$ cat run03.cif   # mmCIF, C-alpha atoms
data_work
#
loop_
_atom_site.label_atom_id
_atom_site.label_comp_id
_atom_site.auth_asym_id
_atom_site.auth_seq_id
_atom_site.Cartn_x
_atom_site.Cartn_y
_atom_site.Cartn_z
CA MET A 1 -15.67 33.75 -3.50
CA SER A 2 -12.77 35.24 -1.55
CA ASN A 3 -12.27 39.01 -1.45
CA PRO A 4 -9.16 38.93 -3.74
CA ALA A 5 -11.02 36.77 -6.27
CA PHE A 6 -14.09 38.99 -6.11
CA GLU A 7 -11.99 42.09 -6.71
CA PHE A 8 -10.22 40.40 -9.61
CA VAL A 9 -13.54 39.50 -11.24
CA ARG A 10 -14.94 42.97 -10.62
CA GLN A 11 -11.98 44.62 -12.31
CA LEU A 12 -12.00 42.11 -15.16
CA GLY A 13 -15.69 42.79 -15.79
CA VAL A 14 -15.13 46.54 -15.84
CA GLU A 15 -12.23 46.23 -18.29
CA LEU A 16 -14.09 43.90 -20.63
CA ALA A 17 -17.23 46.05 -20.62
CA ALA A 18 -15.16 49.11 -21.49
CA GLY A 19 -12.98 47.27 -24.00
CA GLU A 20 -9.93 48.58 -22.15
CA PHE A 21 -8.39 45.45 -20.69
CA ASP A 22 -4.61 45.20 -20.64
CA LEU A 23 -4.11 42.88 -23.61
CA PRO A 24 -0.62 41.84 -24.66
CA PRO A 25 0.05 43.09 -28.20
CA PHE A 26 -0.10 40.62 -31.05
CA PRO A 27 3.58 40.09 -31.94
CA ASP A 28 4.68 42.27 -34.85
CA THR A 29 5.84 39.46 -37.12
CA ALA A 30 2.59 37.55 -36.69
CA MET A 31 0.62 40.74 -37.36
CA ARG A 32 2.54 41.32 -40.59
CA VAL A 33 1.84 37.75 -41.65
CA GLN A 34 -1.86 38.24 -40.91
CA ARG A 35 -1.99 41.43 -43.00
CA CYS A 36 -0.09 39.82 -45.86
CA VAL A 37 -2.36 36.77 -45.95
CA SER A 38 -5.43 39.04 -45.95
CA ASP A 39 -4.07 41.20 -48.81
CA PRO A 40 -5.35 39.89 -52.19
CA GLY A 41 -2.33 41.49 -53.85
CA SER A 42 0.23 39.56 -51.80
CA ASP A 43 2.04 36.47 -53.02
CA ILE A 44 4.33 33.71 -51.76
CA ASN A 45 7.45 35.83 -52.22
CA SER A 46 6.18 38.72 -50.10
CA LEU A 47 5.03 36.35 -47.37
CA GLY A 48 8.33 34.49 -47.53
CA VAL A 49 10.28 37.68 -46.90
CA ILE A 50 8.31 38.31 -43.69
CA ILE A 51 8.80 34.78 -42.41
CA ALA A 52 12.51 34.78 -43.23
CA GLY A 53 12.92 37.67 -40.81
CA GLU A 54 11.78 35.53 -37.85
CA PRO A 55 13.86 32.34 -37.59
CA ALA A 56 11.64 30.76 -34.92
CA LEU A 57 8.55 31.20 -37.07
CA ALA A 58 10.39 29.93 -40.15
CA ALA A 59 11.44 26.80 -38.27
CA ARG A 60 7.86 26.19 -37.15
CA LEU A 61 6.59 26.56 -40.72
CA MET A 62 9.18 24.09 -41.97
CA ARG A 63 8.14 21.54 -39.35
CA MET A 64 4.50 21.94 -40.38
CA ALA A 65 5.31 21.59 -44.09
CA ASN A 66 7.27 18.38 -43.45
CA SER A 67 4.73 16.90 -41.02
CA ALA A 68 2.86 13.75 -41.97
CA MET A 69 -0.32 15.79 -42.23
CA MET A 70 1.07 18.17 -44.86
CA ARG A 71 3.83 16.17 -46.53
CA ARG A 72 3.31 15.06 -50.14
CA GLY A 73 5.54 12.16 -51.10
CA PRO A 74 9.07 11.50 -49.81
CA MET A 75 10.58 14.89 -50.67
CA GLU A 76 11.40 17.08 -47.69
CA VAL A 77 10.87 20.84 -47.98
CA THR A 78 14.02 22.83 -47.27
CA ASP A 79 13.13 26.41 -48.25
CA ILE A 80 10.48 28.84 -47.03
CA ASN A 81 8.71 29.57 -50.32
CA THR A 82 8.26 25.89 -51.10
CA ALA A 83 6.92 25.37 -47.57
CA ILE A 84 4.36 28.15 -48.11
CA SER A 85 3.36 26.63 -51.43
CA ARG A 86 2.89 23.23 -49.81
CA VAL A 87 0.77 24.25 -46.83
CA GLY A 88 -1.05 27.27 -48.29
CA MET A 89 -1.14 30.86 -47.07
CA ASP A 90 -3.96 30.29 -44.56
CA MET A 91 -1.93 27.57 -42.87
CA VAL A 92 1.03 29.95 -42.72
CA GLN A 93 -1.19 32.26 -40.69
CA ASN A 94 -1.87 29.37 -38.33
CA ALA A 95 1.87 28.86 -37.88
CA ALA A 96 2.17 32.56 -37.06
CA VAL A 97 -0.68 32.40 -34.54
CA SER A 98 0.86 29.42 -32.74
CA PHE A 99 4.12 31.36 -32.61
CA ALA A 100 2.34 34.52 -31.44
CA ALA A 101 0.50 32.77 -28.61
CA ARG A 102 3.81 31.62 -27.18
CA GLU A 103 5.30 35.11 -27.46
CA ALA A 104 2.29 37.08 -26.20
CA PHE A 105 1.63 35.14 -23.00
CA SER A 106 4.56 34.36 -20.76
CA PHE A 107 5.33 34.30 -17.05
CA PRO A 108 8.42 35.44 -15.19
CA PRO A 109 10.68 32.70 -13.78
CA GLY A 110 9.28 31.29 -10.58
CA SER A 111 5.65 32.04 -11.39
CA PRO A 112 3.24 29.53 -9.77
CA PHE A 113 1.39 29.21 -13.08
CA ILE A 114 4.24 28.11 -15.36
CA GLU A 115 3.17 24.46 -15.24
CA ASP A 116 -0.39 25.50 -16.07
CA LEU A 117 0.87 27.53 -19.01
CA ASN A 118 2.89 24.65 -20.44
CA LYS A 119 -0.01 22.22 -20.11
CA LEU A 120 -2.35 24.73 -21.71
CA ARG A 121 -0.02 25.29 -24.66
CA LEU A 122 0.14 21.55 -25.35
CA HIS A 123 -3.63 21.25 -24.99
CA SER A 124 -4.15 24.12 -27.44
CA VAL A 125 -2.05 22.53 -30.18
CA LYS A 126 -3.83 19.21 -29.63
CA VAL A 127 -7.19 20.95 -30.04
CA ALA A 128 -5.92 22.77 -33.14
CA SER A 129 -4.66 19.56 -34.78
CA LEU A 130 -7.85 17.67 -33.97
CA SER A 131 -9.93 20.60 -35.18
CA TYR A 132 -8.18 20.50 -38.54
CA VAL A 133 -9.04 16.83 -39.00
CA LEU A 134 -12.63 17.41 -37.88
CA GLY A 135 -12.91 20.33 -40.28
CA LYS A 136 -11.54 18.24 -43.12
CA TYR A 137 -13.58 15.06 -42.71
CA SER A 138 -16.92 16.29 -41.33
CA LYS A 139 -19.64 18.52 -42.74
CA PHE A 140 -18.09 21.56 -41.05
CA ALA A 141 -19.41 24.64 -42.81
CA GLY A 142 -15.99 26.35 -42.94
CA LYS A 143 -12.51 25.36 -44.07
CA PRO A 144 -10.16 23.04 -42.18
CA ASP A 145 -7.64 25.89 -41.87
CA GLU A 146 -10.28 27.99 -40.12
CA ALA A 147 -11.01 25.13 -37.73
CA MET A 148 -7.31 24.87 -36.86
CA LEU A 149 -7.07 28.63 -36.33
CA ALA A 150 -10.00 28.46 -33.92
CA GLY A 151 -8.27 25.65 -32.06
CA LEU A 152 -5.11 27.70 -31.67
CA LEU A 153 -7.11 30.66 -30.33
CA HIS A 154 -9.71 28.88 -28.22
CA ALA A 155 -7.72 29.06 -24.97
CA VAL A 156 -6.44 32.65 -25.14
CA GLY A 157 -8.94 33.61 -22.45
CA LYS A 158 -7.33 31.11 -20.08
CA PHE A 159 -3.88 32.40 -20.98
CA TYR A 160 -4.98 35.95 -20.26
CA ILE A 161 -6.58 35.17 -16.90
CA LEU A 162 -3.58 33.17 -15.69
CA THR A 163 -1.05 35.79 -16.77
CA THR A 164 -3.12 38.55 -15.21
CA ALA A 165 -3.64 36.57 -12.01
CA ALA A 166 0.14 36.23 -11.77
CA ASP A 167 0.16 39.93 -10.83
CA HIS A 168 -2.10 39.21 -7.82
CA PRO A 169 -0.02 37.25 -5.28
CA GLU A 170 -2.98 37.07 -2.91
CA LEU A 171 -4.64 34.65 -5.36
CA PHE A 172 -1.69 32.26 -5.56
CA SER A 173 -2.74 30.19 -2.54
CA ASP A 174 -6.38 29.98 -3.62
CA ARG A 175 -6.24 27.34 -6.35
CA GLU A 176 -9.98 26.76 -6.25
CA ALA A 177 -10.63 30.44 -6.87
CA ILE A 178 -8.26 30.50 -9.87
CA ASP A 179 -9.89 27.43 -11.39
CA THR A 180 -13.34 28.95 -10.90
CA LEU A 181 -12.26 32.23 -12.49
CA VAL A 182 -10.89 30.44 -15.52
CA ALA A 183 -13.94 28.20 -15.91
CA GLN A 184 -16.46 31.04 -15.65
CA TRP A 185 -14.71 33.75 -17.60
CA HIS A 186 -12.36 32.29 -20.18
CA THR A 187 -14.77 32.05 -23.13
CA GLY A 188 -15.92 35.66 -22.88
CA VAL A 189 -12.36 36.87 -22.47
CA ALA A 190 -11.28 34.75 -25.46
CA ARG A 191 -13.92 36.38 -27.63
CA ALA A 192 -12.82 39.85 -26.59
CA ILE A 193 -9.20 39.04 -27.42
CA VAL A 194 -10.00 37.42 -30.77
CA GLU A 195 -12.06 40.45 -31.74
CA SER A 196 -9.36 42.88 -30.63
CA TRP A 197 -6.80 40.97 -32.70
CA ASN A 198 -9.11 41.38 -35.73
CA PHE A 199 -9.75 37.72 -36.49
CA PRO A 200 -12.98 36.74 -38.28
CA GLU A 201 -16.28 37.04 -36.42
CA SER A 202 -16.90 33.31 -36.93
CA ILE A 203 -13.81 32.57 -34.82
CA ALA A 204 -14.86 35.06 -32.13
CA ILE A 205 -18.33 33.52 -31.83
CA GLY A 206 -16.87 30.01 -31.91
CA VAL A 207 -14.49 30.54 -28.98
CA ASP A 208 -17.29 32.22 -27.03
CA GLU A 209 -19.71 29.32 -27.58
CA GLN A 210 -17.18 26.46 -27.46
CA GLU A 211 -18.64 24.91 -24.32
CA LEU A 212 -22.32 24.98 -25.31
CA LYS A 213 -23.52 21.38 -25.21
CA GLU A 214 -27.12 21.87 -26.30
CA ARG A 215 -27.40 23.08 -29.90
CA ASP A 216 -29.96 23.05 -32.70
CA ARG A 217 -29.13 19.67 -34.22
CA ILE A 218 -30.50 20.37 -37.69
CA SER A 219 -28.66 23.65 -38.24
CA SER A 220 -25.37 23.96 -40.09
CA SER A 221 -22.23 23.28 -38.09
CA ASP A 222 -19.91 26.06 -36.98
CA VAL A 223 -16.60 26.60 -35.21
CA SER A 224 -18.07 25.96 -31.77
CA ASP A 225 -19.10 22.41 -32.74
CA VAL A 226 -15.57 21.57 -33.84
CA LEU A 227 -14.07 23.06 -30.67
CA PHE A 228 -16.54 21.25 -28.42
CA ILE A 229 -15.57 17.84 -29.80
CA ALA A 230 -11.85 18.61 -30.16
CA ASN A 231 -11.63 19.72 -26.53
CA ILE A 232 -13.17 16.47 -25.30
CA LEU A 233 -10.75 14.43 -27.40
CA ALA A 234 -7.72 16.52 -26.37
CA ARG A 235 -8.54 16.08 -22.68
CA ALA A 236 -9.68 12.45 -22.62
CA GLY A 237 -7.74 11.03 -25.58
CA VAL A 238 -8.87 10.06 -29.06
CA LYS A 239 -9.73 6.53 -27.86
CA VAL A 240 -12.94 7.89 -26.30
CA ALA A 241 -14.26 8.99 -29.71
CA GLY A 242 -16.35 5.84 -30.13
CA GLU A 243 -17.98 6.42 -26.72
CA LEU A 244 -19.15 10.00 -27.20
CA GLY A 245 -22.70 8.97 -27.98
CA ASP A 246 -25.31 11.18 -29.59
CA LEU A 247 -23.94 14.69 -28.99
CA ASP A 248 -25.55 17.71 -30.62
CA ALA A 249 -22.18 18.88 -31.95
CA LEU A 250 -21.60 15.57 -33.70
CA ALA A 251 -25.07 15.67 -35.20
CA ARG A 252 -24.44 19.18 -36.56
CA LEU A 253 -21.16 17.95 -38.07
CA ARG A 254 -23.22 15.14 -39.67
CA MET A 255 -21.09 12.54 -37.95
CA ASN A 256 -21.60 9.76 -35.42
CA SER A 257 -19.16 8.51 -32.80
CA GLU A 258 -18.29 5.36 -34.76
CA LYS A 259 -17.34 7.35 -37.86
CA LEU A 260 -15.37 9.81 -35.75
CA ALA A 261 -13.38 6.99 -34.15
CA GLU A 262 -12.60 5.59 -37.59
CA ILE A 263 -11.38 8.94 -38.91
CA LEU A 264 -9.17 9.58 -35.90
CA GLU A 265 -7.63 6.13 -36.09
CA GLU A 266 -6.84 6.61 -39.79
CA ASN A 267 -5.25 10.00 -39.10
CA GLU A 268 -3.51 9.25 -35.80
CA ASP A 269 0.03 9.72 -37.16
CA GLU A 270 -0.92 12.91 -38.98
CA ILE A 271 -2.48 14.43 -35.85
CA GLN A 272 0.57 13.61 -33.72
CA SER A 273 2.93 15.03 -36.34
CA MET A 274 1.09 18.34 -36.36
CA VAL A 275 1.05 18.49 -32.55
CA GLU A 276 4.81 18.08 -32.59
CA ALA A 277 5.23 20.70 -35.32
CA LEU A 278 3.19 23.29 -33.44
CA SER A 279 4.73 22.53 -30.06
CA GLY A 280 8.31 23.30 -31.07
#

$ encode --input "run03.cif" --output "structure tokens"
Amino acid sequence: MSNPAFEFVRQLGVELAAGEFDLPPFPDTAMRVQRCVSDPGSDINSLGVIIAGEPALAARLMRMANSAMMRRGPMEVTDINTAISRVGMDMVQNAAVSFAAREAFSFPPGSPFIEDLNKLRLHSVKVASLSYVLGKYSKFAGKPDEAMLAGLLHAVGKFYILTTAADHPELFSDREAIDTLVAQWHTGVARAIVESWNFPESIAIGVDEQELKERDRISSSDVSDVLFIANILARAGVKVAGELGDLDALARLRMNSEKLAEILEENEDEIQSMVEALSG
């Protein structure tokens, strides 16, 4: 490891251990949505008022509500409250998180990592959309909305490392070092961020363990199983589903590769529609 990379890792380790790393704040609108969704006394009207104050978030919610995955019949949703009613309050939080991730992590013009950021954003929404389908059609122990939320948050560690590395010009020319940093550190950083943003512990553990291949096959499935499979599919394409073989994550989801391929083929249009809705 080069000296700049070593110093970067050293400082990152110190900050994480102390819980004092320089984390971008969760955007205010998304935070208000999160609090509203968590409040048992809130309703569609109160959530609608928050969303109406952020046109970009409102537009994203409308796209989700009218996507093939969420649409019910031929009628198109044209107002915020009806959109909330259609998708549910938990899914509204997912819309806010996808919006927040775009706002929280950004690079200045000319940054060498802009292309990486754009690719990572697209990958994240693919993982989120696939995670929703996996959560819905497998024996995932949680809810499909939770699986999608985990998908949206699973790469925040990579976002953080790349945006932080952008402040270290000496690392720009060392692509191998950047890739190694991301590969070795992103899951632990993701967990720290998810915890600091006060998301459920199940999501924090899931993003931390998302790359664990060997699991107890007879235990109940969790977020990490969904993320493990969704990441493979998002990288290699859904056509590889039938070739995944006997993975521990699939066994925990009580699914085999043939069944997975069938589900993905049946929901191909729905998955693509949600990717487009979240990417806007």

$ residues_around --input "run03.cif" --residues "Ile203 (chain A)" --least-positions-apart "5" --cutoff "10 Å" --atoms "all atoms listed in the file" --output "list of chain:residue names"
A:Glu146, A:Ala147, A:Leu149, A:Ala150, A:Gly151, A:Leu153, A:His154, A:Ala190, A:Arg191, A:Val194, A:Glu195, A:Asp208, A:Glu209, A:Asp222, A:Val223, A:Ser224

$ resolve_selection --input "run03.cif" --expression "the PyMOL selection byres ((chain A and resi 48-57) around 7)" --output "list in words"
Val33, Ile44, Asn45, Ser46, Leu47, Ala58, Ala59, Arg60, Leu61, Ile80, Asn81, Ala96 and Phe99 of chain A

$ resolve_selection --input "run03.cif" --expression "the PyMOL selection byres ((chain A and resi 115-117) around 12)" --output "number ranges by chain"
A: 101-102, 105-114, 118-124, 155-156, 158-163, 166, 175, 178-179, 182

$ write_last_selection --input "run03.cif" --atoms "C-alpha atoms" --output "PDB file, in the frame of the given file"
ATOM      1  CA  ALA A 101       0.500  32.770 -28.610  1.00  0.00           C
ATOM      2  CA  ARG A 102       3.810  31.620 -27.180  1.00  0.00           C
ATOM      3  CA  PHE A 105       1.630  35.140 -23.000  1.00  0.00           C
ATOM      4  CA  SER A 106       4.560  34.360 -20.760  1.00  0.00           C
ATOM      5  CA  PHE A 107       5.330  34.300 -17.050  1.00  0.00           C
ATOM      6  CA  PRO A 108       8.420  35.440 -15.190  1.00  0.00           C
ATOM      7  CA  PRO A 109      10.680  32.700 -13.780  1.00  0.00           C
ATOM      8  CA  GLY A 110       9.280  31.290 -10.580  1.00  0.00           C
ATOM      9  CA  SER A 111       5.650  32.040 -11.390  1.00  0.00           C
ATOM     10  CA  PRO A 112       3.240  29.530  -9.770  1.00  0.00           C
ATOM     11  CA  PHE A 113       1.390  29.210 -13.080  1.00  0.00           C
ATOM     12  CA  ILE A 114       4.240  28.110 -15.360  1.00  0.00           C
ATOM     13  CA  ASN A 118       2.890  24.650 -20.440  1.00  0.00           C
ATOM     14  CA  LYS A 119      -0.010  22.220 -20.110  1.00  0.00           C
ATOM     15  CA  LEU A 120      -2.350  24.730 -21.710  1.00  0.00           C
ATOM     16  CA  ARG A 121      -0.020  25.290 -24.660  1.00  0.00           C
ATOM     17  CA  LEU A 122       0.140  21.550 -25.350  1.00  0.00           C
ATOM     18  CA  HIS A 123      -3.630  21.250 -24.990  1.00  0.00           C
ATOM     19  CA  SER A 124      -4.150  24.120 -27.440  1.00  0.00           C
ATOM     20  CA  ALA A 155      -7.720  29.060 -24.970  1.00  0.00           C
ATOM     21  CA  VAL A 156      -6.440  32.650 -25.140  1.00  0.00           C
ATOM     22  CA  LYS A 158      -7.330  31.110 -20.080  1.00  0.00           C
ATOM     23  CA  PHE A 159      -3.880  32.400 -20.980  1.00  0.00           C
ATOM     24  CA  TYR A 160      -4.980  35.950 -20.260  1.00  0.00           C
ATOM     25  CA  ILE A 161      -6.580  35.170 -16.900  1.00  0.00           C
ATOM     26  CA  LEU A 162      -3.580  33.170 -15.690  1.00  0.00           C
ATOM     27  CA  THR A 163      -1.050  35.790 -16.770  1.00  0.00           C
ATOM     28  CA  ALA A 166       0.140  36.230 -11.770  1.00  0.00           C
ATOM     29  CA  ARG A 175      -6.240  27.340  -6.350  1.00  0.00           C
ATOM     30  CA  ILE A 178      -8.260  30.500  -9.870  1.00  0.00           C
ATOM     31  CA  ASP A 179      -9.890  27.430 -11.390  1.00  0.00           C
ATOM     32  CA  VAL A 182     -10.890  30.440 -15.520  1.00  0.00           C
TER      33      VAL A 182
END

$ resolve_selection --input "run03.cif" --expression "the PyMOL selection byres ((chain A and resi 141) around 8)" --output "PyMOL selection string"
chain A and resi 139-140+142-143+220-222

$ closest_residue --input "run03.cif" --among "A:His168, A:Arg72, A:Arg254, A:Arg10" --to "Leu134 (chain A)" --atoms "only C-alpha atoms"
A:Arg254

$ closest_residue --input "run03.cif" --among "A:Ser131, A:Ser85, A:Asn198, A:Gln184" --to "Met31 (chain A)" --atoms "only C-alpha atoms"
A:Asn198

$ closest_residue --input "run03.cif" --among "A:Ser219, A:Leu250, A:Ala68, A:Leu227" --to "Thr187 (chain A)" --atoms "all atoms listed in the file"
A:Leu227

$ closest_residue --input "run03.cif" --among "A:Asp39, A:Glu276, A:Asp248, A:Asp269" --to "Met89 (chain A)" --atoms "all atoms listed in the file"
A:Asp39

$ closest_residue --input "run03.cif" --among "A:Arg71, A:Arg252, A:His186, A:Arg235" --to "Val87 (chain A)" --atoms "all atoms listed in the file"
A:Arg71

$ closest_residue --input "run03.cif" --among "A:Leu16, A:Ile218, A:Val9, A:Ala128" --to "Val189 (chain A)" --atoms "all atoms listed in the file"
A:Leu16

$ residues_near_point --input "run03.cif" --point "(3.1, 15.8, -31.2)" --cutoff "12 Å" --atoms "all atoms listed in the file" --output "JSON, numbers by chain"
{"A": [63, 64, 67, 68, 69, 121, 122, 123, 124, 125, 126, 127, 128, 129, 130, 234, 268, 269, 270, 271, 272, 273, 274, 275, 276, 277, 278, 279, 280]}

$ atom_distance --input "run03.cif" --atom1 "CA of Glu201 (chain A)" --atom2 "CA of Asn256 (chain A)"
27.8 Å

$ axis_aligned_box --input "run03.cif" --around "region 31-38 of chain A" --padding-each-side "8 Å" --output "AutoDock Vina command-line options"
--center_x -1.4 --center_y 39.1 --center_z -41.7 --size_x 24.0 --size_y 20.7 --size_z 24.6

$ atom_distance --input "run03.cif" --atom1 "CA of Val77 (chain A)" --atom2 "CA of Glu265 (chain A)"
26.5 Å

$ residues_around --input "run03.cif" --residues "region 237-243 of chain A" --least-positions-apart "3" --cutoff "6 Å" --atoms "all atoms listed in the file" --output "ChimeraX atom specification"
/A:233-234,257-258,261
